[in-house]
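Content type mmCIF, C-alpha atoms, from the file data-v1.cif:
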data_protein
loop_
_atom_site.group_PDB
_atom_site.id
_atom_site.type_symbol
_atom_site.label_atom_id
_atom_site.label_comp_id
_atom_site.auth_asym_id
_atom_site.auth_seq_id
_atom_site.Cartn_x
_atom_site.Cartn_y
_atom_site.Cartn_z
ATOM 1 C CA MET V 64 0.000 0.000 0.000
ATOM 2 C CA PRO V 65 1.615 3.331 -1.013
ATOM 3 C CA MET V 66 2.247 5.715 1.817
ATOM 4 C CA GLN V 67 4.016 9.049 2.070
ATOM 5 C CA SER V 68 7.061 8.844 4.320
ATOM 6 C CA LEU V 69 6.575 10.608 7.637
ATOM 7 C CA SER V 70 9.294 12.204 9.709
ATOM 8 C CA ASN V 71 7.476 11.894 12.991
ATOM 9 C CA CYS V 72 7.424 8.356 14.431
ATOM 10 C CA ASN V 73 4.372 8.984 16.580
ATOM 11 C CA ASN V 74 2.403 10.280 13.617
ATOM 12 C CA HIS V 75 3.436 7.189 11.658
ATOM 13 C CA GLY V 76 2.156 4.962 14.441
ATOM 14 C CA PHE V 77 -1.061 6.938 14.662
ATOM 15 C CA LEU V 78 -1.679 6.477 10.942
ATOM 16 C CA LEU V 79 -1.068 2.773 11.134
ATOM 17 C CA PHE V 80 -3.424 2.124 14.012
ATOM 18 C CA ALA V 81 -6.074 4.510 12.828
ATOM 19 C CA ILE V 82 -6.331 2.809 9.467
ATOM 20 C CA ILE V 83 -6.854 -0.594 11.049
ATOM 21 C CA PHE V 84 -9.468 0.920 13.288
ATOM 22 C CA VAL V 85 -11.174 2.636 10.386
ATOM 23 C CA GLY V 86 -11.295 -0.678 8.619
ATOM 24 C CA LEU V 87 -13.035 -2.203 11.623
ATOM 25 C CA ALA V 88 -15.591 0.566 11.648
ATOM 26 C CA ASN V 89 -16.625 0.008 8.006
ATOM 27 C CA VAL V 90 -17.754 3.562 7.489
ATOM 28 C CA ALA V 91 -20.067 3.808 4.484
ATOM 29 C CA GLN V 92 -23.355 5.646 4.676
ATOM 30 C CA SER V 93 -24.061 7.305 1.339
ATOM 31 C CA SER V 94 -23.768 6.257 -2.273
ATOM 32 C CA SER V 95 -21.246 9.050 -2.883
ATOM 33 C CA GLN V 96 -17.666 8.005 -2.154
ATOM 34 C CA ILE V 97 -16.710 11.683 -1.713
ATOM 35 C CA ASP V 98 -19.115 11.970 1.223
ATOM 36 C CA VAL V 99 -17.693 8.837 2.824
ATOM 37 C CA ASP V 100 -14.125 10.024 2.412
ATOM 38 C CA GLU V 101 -14.933 13.388 3.967
ATOM 39 C CA ASP V 102 -16.629 11.641 6.861
ATOM 40 C CA LEU V 103 -13.509 9.551 7.481
ATOM 41 C CA LYS V 104 -11.303 12.640 7.533
ATOM 42 C CA HIS V 105 -13.652 14.459 9.880
ATOM 43 C CA LEU V 106 -14.041 11.630 12.385
ATOM 44 C CA LEU V 107 -10.383 10.647 12.582
ATOM 45 C CA GLY V 108 -9.156 14.242 12.623
ATOM 46 C CA ARG V 109 -10.532 14.811 16.095
ATOM 47 C CA CYS V 110 -8.188 12.214 17.662
ATOM 48 C CA HIS V 111 -4.533 13.215 18.199
ATOM 49 C CA SER V 112 -1.977 10.513 18.896
ATOM 50 C CA GLN V 113 -0.026 12.539 21.454
ATOM 51 C CA ALA V 114 -3.060 13.693 23.423
ATOM 52 C CA GLU V 115 -3.817 12.162 26.804
ATOM 53 C CA ASP V 116 -7.324 11.240 25.692
ATOM 54 C CA PHE V 117 -6.279 9.537 22.433
ATOM 55 C CA ASN V 118 -7.438 6.056 23.477
ATOM 56 C CA ASP V 119 -10.774 7.366 24.758
ATOM 57 C CA CYS V 120 -11.211 9.411 21.580
ATOM 58 C CA MET V 121 -10.644 6.397 19.337
ATOM 59 C CA LYS V 122 -13.027 4.317 21.440
ATOM 60 C CA GLN V 123 -15.702 6.952 20.883
ATOM 61 C CA VAL V 124 -15.013 7.071 17.122
ATOM 62 C CA PHE V 125 -15.557 3.326 16.902
ATOM 63 C CA ASN V 126 -18.847 3.522 18.770
ATOM 64 C CA ASP V 127 -20.028 6.499 16.708
ATOM 65 C CA LEU V 128 -19.687 4.350 13.586
ATOM 66 C CA ARG V 129 -21.728 1.338 14.681
ATOM 67 C CA ALA V 130 -24.597 2.278 12.400
ATOM 68 C CA TYR V 131 -22.353 1.702 9.363
ATOM 69 C CA PHE V 132 -21.293 -1.858 10.136
ATOM 70 C CA THR V 133 -23.982 -3.206 7.809
ATOM 71 C CA THR V 134 -22.747 -1.476 4.651
ATOM 72 C CA GLY V 135 -18.987 -1.765 4.223
ATOM 73 C CA ILE V 136 -17.118 0.426 1.720
ATOM 74 C CA PRO V 137 -17.371 -1.332 -1.666
ATOM 75 C CA ASP V 138 -15.098 1.157 -3.442
ATOM 76 C CA HIS V 139 -12.316 0.329 -0.970
ATOM 77 C CA ASN V 140 -13.046 -3.424 -0.868
ATOM 78 C CA ILE V 141 -14.128 -3.285 2.779
ATOM 79 C CA LYS V 142 -16.900 -5.771 3.415
ATOM 80 C CA PRO V 143 -19.740 -5.460 5.943
ATOM 81 C CA PHE V 144 -19.287 -6.610 9.527
ATOM 82 C CA ASP V 145 -22.967 -7.163 10.253
ATOM 83 C CA PRO V 146 -23.466 -9.803 9.118
ATOM 84 C CA HIS V 147 -19.828 -10.754 9.312
ATOM 85 C CA TYR V 148 -19.048 -13.526 6.792
ATOM 86 C CA SER V 149 -16.329 -16.168 6.647
ATOM 87 C CA PRO V 150 -16.366 -18.808 3.870
ATOM 88 C CA TYR V 151 -14.018 -21.323 5.536
ATOM 89 C CA VAL V 152 -12.453 -21.887 8.968
ATOM 90 C CA GLU V 153 -10.602 -25.049 9.984
ATOM 91 C CA LEU V 154 -9.432 -26.458 13.307
ATOM 92 C CA ARG V 155 -7.344 -29.634 13.709
ATOM 93 C CA ARG V 156 -6.105 -31.474 16.776
ATOM 94 C CA GLY V 157 -4.108 -34.665 17.323
ATOM 95 C CA ASP V 158 -2.227 -37.075 15.067
ATOM 96 C CA PRO V 159 -4.404 -38.871 12.475
ATOM 97 C CA HIS V 160 -1.955 -41.789 12.635
ATOM 98 C CA GLY V 161 -1.912 -41.876 16.434
ATOM 99 C CA LEU V 162 -4.455 -42.777 19.113
ATOM 100 C CA GLY V 163 -6.813 -39.935 18.405
ATOM 101 C CA SER V 164 -7.448 -36.831 16.309
ATOM 102 C CA PHE V 165 -10.219 -34.641 14.992
ATOM 103 C CA SER V 166 -10.834 -31.950 12.398
ATOM 104 C CA LEU V 167 -13.597 -29.337 12.379
ATOM 105 C CA ILE V 168 -14.407 -27.314 9.264
ATOM 106 C CA LEU V 169 -16.913 -24.456 9.354
ATOM 107 C CA ARG V 170 -18.228 -23.194 6.009
ATOM 108 C CA ASN V 171 -20.238 -20.128 5.010
ATOM 109 C CA VAL V 172 -20.368 -18.729 8.538
ATOM 110 C CA SER V 173 -22.488 -15.609 9.101
ATOM 111 C CA GLU V 174 -22.197 -13.643 12.343
ATOM 112 C CA PHE V 175 -24.785 -11.090 13.488
ATOM 113 C CA GLY V 176 -24.863 -8.526 16.296
ATOM 114 C CA TRP V 177 -22.024 -6.106 15.532
ATOM 115 C CA SER V 178 -24.308 -3.097 15.049
ATOM 116 C CA ARG V 179 -25.434 -3.410 18.668
ATOM 117 C CA SER V 180 -21.952 -3.968 20.071
ATOM 118 C CA GLU V 181 -20.000 -1.439 22.121
ATOM 119 C CA VAL V 182 -16.258 -0.945 22.492
ATOM 120 C CA THR V 183 -15.590 -0.544 26.213
ATOM 121 C CA LYS V 184 -11.783 -0.308 26.142
ATOM 122 C CA PHE V 185 -9.246 0.739 23.505
ATOM 123 C CA HIS V 186 -5.463 0.930 23.662
ATOM 124 C CA ALA V 187 -2.890 1.714 20.959
ATOM 125 C CA ASP V 188 0.680 0.426 21.321
ATOM 126 C CA ILE V 189 2.574 2.518 18.790
ATOM 127 C CA GLU V 190 5.967 0.852 19.169
ATOM 128 C CA ASP V 191 4.523 -2.615 18.633
ATOM 129 C CA GLN V 192 2.181 -1.468 15.815
ATOM 130 C CA ARG V 193 -0.790 -2.916 17.672
ATOM 131 C CA ILE V 194 -4.251 -1.945 18.835
ATOM 132 C CA VAL V 195 -6.154 -3.836 21.527
ATOM 133 C CA TYR V 196 -9.841 -3.293 22.204
ATOM 134 C CA THR V 197 -12.555 -4.922 24.268
ATOM 135 C CA GLN V 198 -16.027 -5.222 22.746
ATOM 136 C CA TYR V 199 -19.340 -6.034 24.432
ATOM 137 C CA PHE V 200 -22.272 -7.698 22.659
ATOM 138 C CA PRO V 201 -25.668 -7.931 24.370
ATOM 139 C CA GLU V 202 -26.399 -10.650 21.809
ATOM 140 C CA LYS V 203 -24.302 -12.250 19.075
ATOM 141 C CA SER V 204 -25.485 -15.041 16.777
ATOM 142 C CA LEU V 205 -23.674 -17.251 14.277
ATOM 143 C CA GLU V 206 -24.793 -19.858 11.758
ATOM 144 C CA GLY V 207 -23.325 -21.971 8.991
ATOM 145 C CA GLN V 208 -22.387 -25.491 7.901
ATOM 146 C CA TYR V 209 -19.980 -27.818 9.698
ATOM 147 C CA GLU V 210 -17.961 -30.927 8.895
ATOM 148 C CA PHE V 211 -16.561 -32.914 11.811
ATOM 149 C CA LYS V 212 -14.286 -35.944 11.559
ATOM 150 C CA ALA V 213 -12.633 -37.781 14.445
ATOM 151 C CA LYS V 214 -10.581 -40.918 14.962
ATOM 152 C CA MET V 215 -10.418 -42.469 18.411
ATOM 153 C CA LEU V 216 -8.689 -45.792 19.122
ATOM 154 C CA GLY V 217 -9.228 -47.013 15.569
ATOM 155 C CA SER V 218 -12.884 -45.922 15.292
ATOM 156 C CA ASP V 219 -13.908 -43.258 12.806
ATOM 157 C CA LEU V 220 -16.643 -40.688 13.357
ATOM 158 C CA SER V 221 -17.976 -38.322 10.693
ATOM 159 C CA ARG V 222 -20.761 -35.748 10.993
ATOM 160 C CA GLN V 223 -21.899 -32.773 8.935
ATOM 161 C CA GLY V 224 -24.842 -30.408 8.758
ATOM 162 C CA TYR V 225 -26.201 -27.028 9.818
ATOM 163 C CA TRP V 226 -25.414 -25.322 13.133
ATOM 164 C CA ASN V 227 -26.364 -22.100 14.882
ATOM 165 C CA LEU V 228 -25.172 -20.426 18.053
ATOM 166 C CA THR V 229 -26.460 -17.453 20.048
ATOM 167 C CA LEU V 230 -24.389 -15.807 22.781
ATOM 168 C CA TYR V 231 -25.820 -13.423 25.374
ATOM 169 C CA ASP V 232 -24.047 -10.871 27.564
ATOM 170 C CA TYR V 233 -20.856 -11.621 25.647
ATOM 171 C CA SER V 234 -17.516 -9.788 25.508
ATOM 172 C CA GLN V 235 -14.229 -10.376 23.720
ATOM 173 C CA THR V 236 -10.823 -8.700 23.520
ATOM 174 C CA THR V 237 -9.244 -8.342 20.079
ATOM 175 C CA SER V 238 -5.587 -7.614 19.327
ATOM 176 C CA VAL V 239 -4.775 -6.348 15.811
ATOM 177 C CA ARG V 240 -1.135 -6.024 14.766
ATOM 178 C CA ARG V 241 0.523 -5.182 11.464
ATOM 179 C CA VAL V 242 3.665 -7.217 10.811
ATOM 180 C CA GLY V 243 6.130 -4.980 8.987
ATOM 181 C CA LYS V 244 5.599 -1.905 6.840
ATOM 182 C CA PRO V 245 2.263 -0.606 5.502
ATOM 183 C CA GLY V 246 0.749 -3.146 3.128
ATOM 184 C CA SER V 247 2.210 -6.094 5.042
ATOM 185 C CA LEU V 248 0.193 -8.775 6.795
ATOM 186 C CA ILE V 249 -2.220 -8.045 9.626
ATOM 187 C CA LYS V 250 -2.471 -10.559 12.474
ATOM 188 C CA VAL V 251 -5.543 -10.789 14.676
ATOM 189 C CA HIS V 252 -5.979 -12.595 17.982
ATOM 190 C CA VAL V 253 -9.333 -12.822 19.774
ATOM 191 C CA GLU V 254 -9.869 -13.858 23.392
ATOM 192 C CA VAL V 255 -13.304 -14.665 24.801
ATOM 193 C CA ASP V 256 -13.721 -12.712 28.052
ATOM 194 C CA ARG V 257 -17.259 -13.539 29.138
ATOM 195 C CA ILE V 258 -20.308 -15.514 28.039
ATOM 196 C CA GLY V 259 -23.402 -14.815 30.119
ATOM 197 C CA GLY V 260 -25.666 -17.215 28.242
ATOM 198 C CA MET V 261 -25.597 -19.556 25.262
ATOM 199 C CA GLU V 262 -27.938 -21.482 22.973
ATOM 200 C CA LEU V 263 -26.452 -23.990 20.508
ATOM 201 C CA HIS V 264 -27.990 -26.285 17.926
ATOM 202 C CA ILE V 265 -26.007 -28.805 15.853
ATOM 203 C CA ASP V 266 -27.722 -30.888 13.172
ATOM 204 C CA ASN V 267 -26.874 -34.604 12.952
ATOM 205 C CA LEU V 268 -24.634 -34.624 16.015
ATOM 206 C CA LEU V 269 -26.349 -37.854 17.063
ATOM 207 C CA LYS V 270 -28.335 -40.231 14.879
ATOM 208 C CA GLY V 271 -32.072 -39.587 14.969
ATOM 209 C CA GLN V 272 -34.081 -36.462 15.763
ATOM 210 C CA PRO V 273 -34.941 -37.355 19.401
ATOM 211 C CA LEU V 274 -31.299 -38.012 20.257
ATOM 212 C CA ASN V 275 -30.237 -34.844 18.461
ATOM 213 C CA GLN V 276 -32.681 -32.780 20.512
ATOM 214 C CA LEU V 277 -31.361 -34.474 23.636
ATOM 215 C CA ALA V 278 -27.801 -33.539 22.669
ATOM 216 C CA ASP V 279 -28.834 -29.889 22.210
ATOM 217 C CA GLY V 280 -30.454 -29.917 25.649
ATOM 218 C CA VAL V 281 -27.403 -31.397 27.346
ATOM 219 C CA ILE V 282 -25.041 -28.923 25.664
ATOM 220 C CA ASN V 283 -27.195 -25.891 26.472
ATOM 221 C CA SER V 284 -27.608 -26.882 30.114
ATOM 222 C CA MET V 285 -23.991 -27.846 30.790
ATOM 223 C CA TRP V 286 -21.909 -25.609 28.489
ATOM 224 C CA GLN V 287 -20.420 -23.659 31.406
ATOM 225 C CA LEU V 288 -18.695 -26.799 32.692
ATOM 226 C CA GLY V 289 -17.006 -27.401 29.355
ATOM 227 C CA LEU V 290 -16.145 -23.779 28.560
ATOM 228 C CA PRO V 291 -12.629 -23.810 30.121
ATOM 229 C CA PHE V 292 -11.720 -26.716 27.825
ATOM 230 C CA VAL V 293 -13.229 -25.398 24.588
ATOM 231 C CA ARG V 294 -12.341 -21.704 25.088
ATOM 232 C CA PRO V 295 -8.830 -22.080 23.523
ATOM 233 C CA MET V 296 -10.364 -23.711 20.440
ATOM 234 C CA ILE V 297 -12.984 -20.962 20.160
ATOM 235 C CA ASN V 298 -10.229 -18.341 20.381
ATOM 236 C CA GLU V 299 -8.244 -20.108 17.653
ATOM 237 C CA LEU V 300 -11.211 -20.478 15.303
ATOM 238 C CA VAL V 301 -12.269 -16.846 15.659
ATOM 239 C CA SER V 302 -8.702 -15.524 15.404
ATOM 240 C CA THR V 303 -8.092 -17.486 12.200
ATOM 241 C CA ALA V 304 -11.293 -16.204 10.632
ATOM 242 C CA PHE V 305 -10.626 -12.594 11.613
ATOM 243 C CA THR V 306 -7.024 -12.662 10.350
ATOM 244 C CA ASP V 307 -8.216 -13.740 6.890
ATOM 245 C CA ILE V 308 -11.032 -11.196 6.798
ATOM 246 C CA PHE V 309 -8.942 -8.258 8.018
ATOM 247 C CA ASN V 310 -6.212 -8.922 5.488
ATOM 248 C CA GLU V 311 -8.717 -9.208 2.653
ATOM 249 C CA SER V 312 -10.522 -5.983 3.535
ATOM 250 C CA PHE V 313 -7.968 -3.701 5.213
ATOM 251 C CA ARG V 314 -4.459 -4.650 4.099
ATOM 252 C CA ASN V 315 -4.309 -2.217 1.167
ATOM 253 C CA PHE V 316 -6.640 0.485 2.404
ATOM 254 C CA PRO V 317 -5.373 3.933 1.157
ATOM 255 C CA LEU V 318 -4.832 5.437 4.582
ATOM 256 C CA GLU V 319 -2.919 8.509 3.368
ATOM 257 C CA LYS V 320 -6.162 9.869 1.889
ATOM 258 C CA PHE V 321 -7.940 10.225 5.218
ATOM 259 C CA LEU V 322 -5.532 11.238 7.962
ATOM 260 C CA ASN V 323 -3.861 14.492 8.858
ATOM 261 C CA GLN V 324 -0.112 13.930 8.553
ATOM 262 C CA THR V 325 0.950 17.159 10.295
#
Would it be possible to restate this file's structure as structure tokens?
Amino acid sequence: MPMQSLSNCNNHGFLLFAIIFVGLANVAQSSSQIDVDEDLKHLLGRCHSQAEDFNDCMKQVFNDLRAYFTTGIPDHNIKPFDPHYSPYVELRRGDPHGLGSFSLILRNVSEFGWSRSEVTKFHADIEDQRIVYTQYFPEKSLEGQYEFKAKMLGSDLSRQGYWNLTLYDYSQTTSVRRVGKPGSLIKVHVEVDRIGGMELHIDNLLKGQPLNQLADGVINSMWQLGLPFVRPMINELVSTAFTDIFNESFRNFPLEKFLNQT
């Protein structure tokens, strides 16, 4: 991504983090790209990297832009975040030639609830080219197709079908870091902080509709007991999906157009 060289290191860091944050906000309200560009300049211009309230200012900018999460910016190849879409996410564990292993593939995943979310904390680490923010969702829902394969002590298990998940009173902390110069890869890591409630349905988990309904009931009544064990896998799945999406949408965003470089 082309970028004018800056003499001030702090300004350079501010530009880097602001562009990632702008990408997250997905600001696009009108059909005129000129109006959108002017809006970006106006909103970001009120936050100054060396001011004491910079982190609070950027947190407010993010929350001011929630209404635009549903639109994206087509002219800049930024896709909507509500619904948030991921075509393919994969998780693997174990040795397929050993005692046990499994693979989980999620396809065509749609995630809803971003327009009602709120950023409660924001921090920019200029030296490390990183932003970290905590986001609260009163309700977040996901749906898609799954493929699950496992091998345990010589026995094979294979399942596939539709799934949906709704989370209530949910919060997560996201770390976004650019590796190298502008235009280089963006890495994203997501940590689940809190889940106040959950409803999960998985088609074909067990054979037969009555057993499948029973499985849903057991999962939804006992998920809190299993959360410490599955939380690392949830973090990995979400982080992988977000890294792909952020790089596709934000890696080559023309940041020099929108930010004050003085």
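Across V:Asp232, V:Glu181, V:Glu299, V:Glu101, the tightest approach to Glu153 (chain V) is made by V:Glu299 when counting all atoms listed in the file.
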Near-Ile249 (chain V) list (6 Å; all atoms listed in the file; drop same-chain fewer than 4 positions) as a count of residues only: 3
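Our summary of the geometry notes that CA of Gln223 (chain V) is positioned 6.1 Å from CA of Phe211 (chain V).
The gap separating CA of Asp138 (chain V) from CA of Ile194 (chain V) is 25.0 Å, in Å to one decimal.
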Within 7 Å of Phe175 (chain V), counting all atoms listed in the file, which residues show up once you throw out same-chain ones fewer than 2 positions away? Write them as a ChimeraX atom specification, please. /V:145-147,173,177,203-205
Using all atoms listed in the file, can you tell me which of V:Ser112, V:Thr197, V:Asn315, V:Asn126 comes closest to Gly246 (chain V)? V:Asn315
Minimum-distance residue to Glu254 (chain V), chosen among V:Ile297, V:Leu162, V:Leu230, V:Met215 (using only C-alpha atoms): V:Ile297
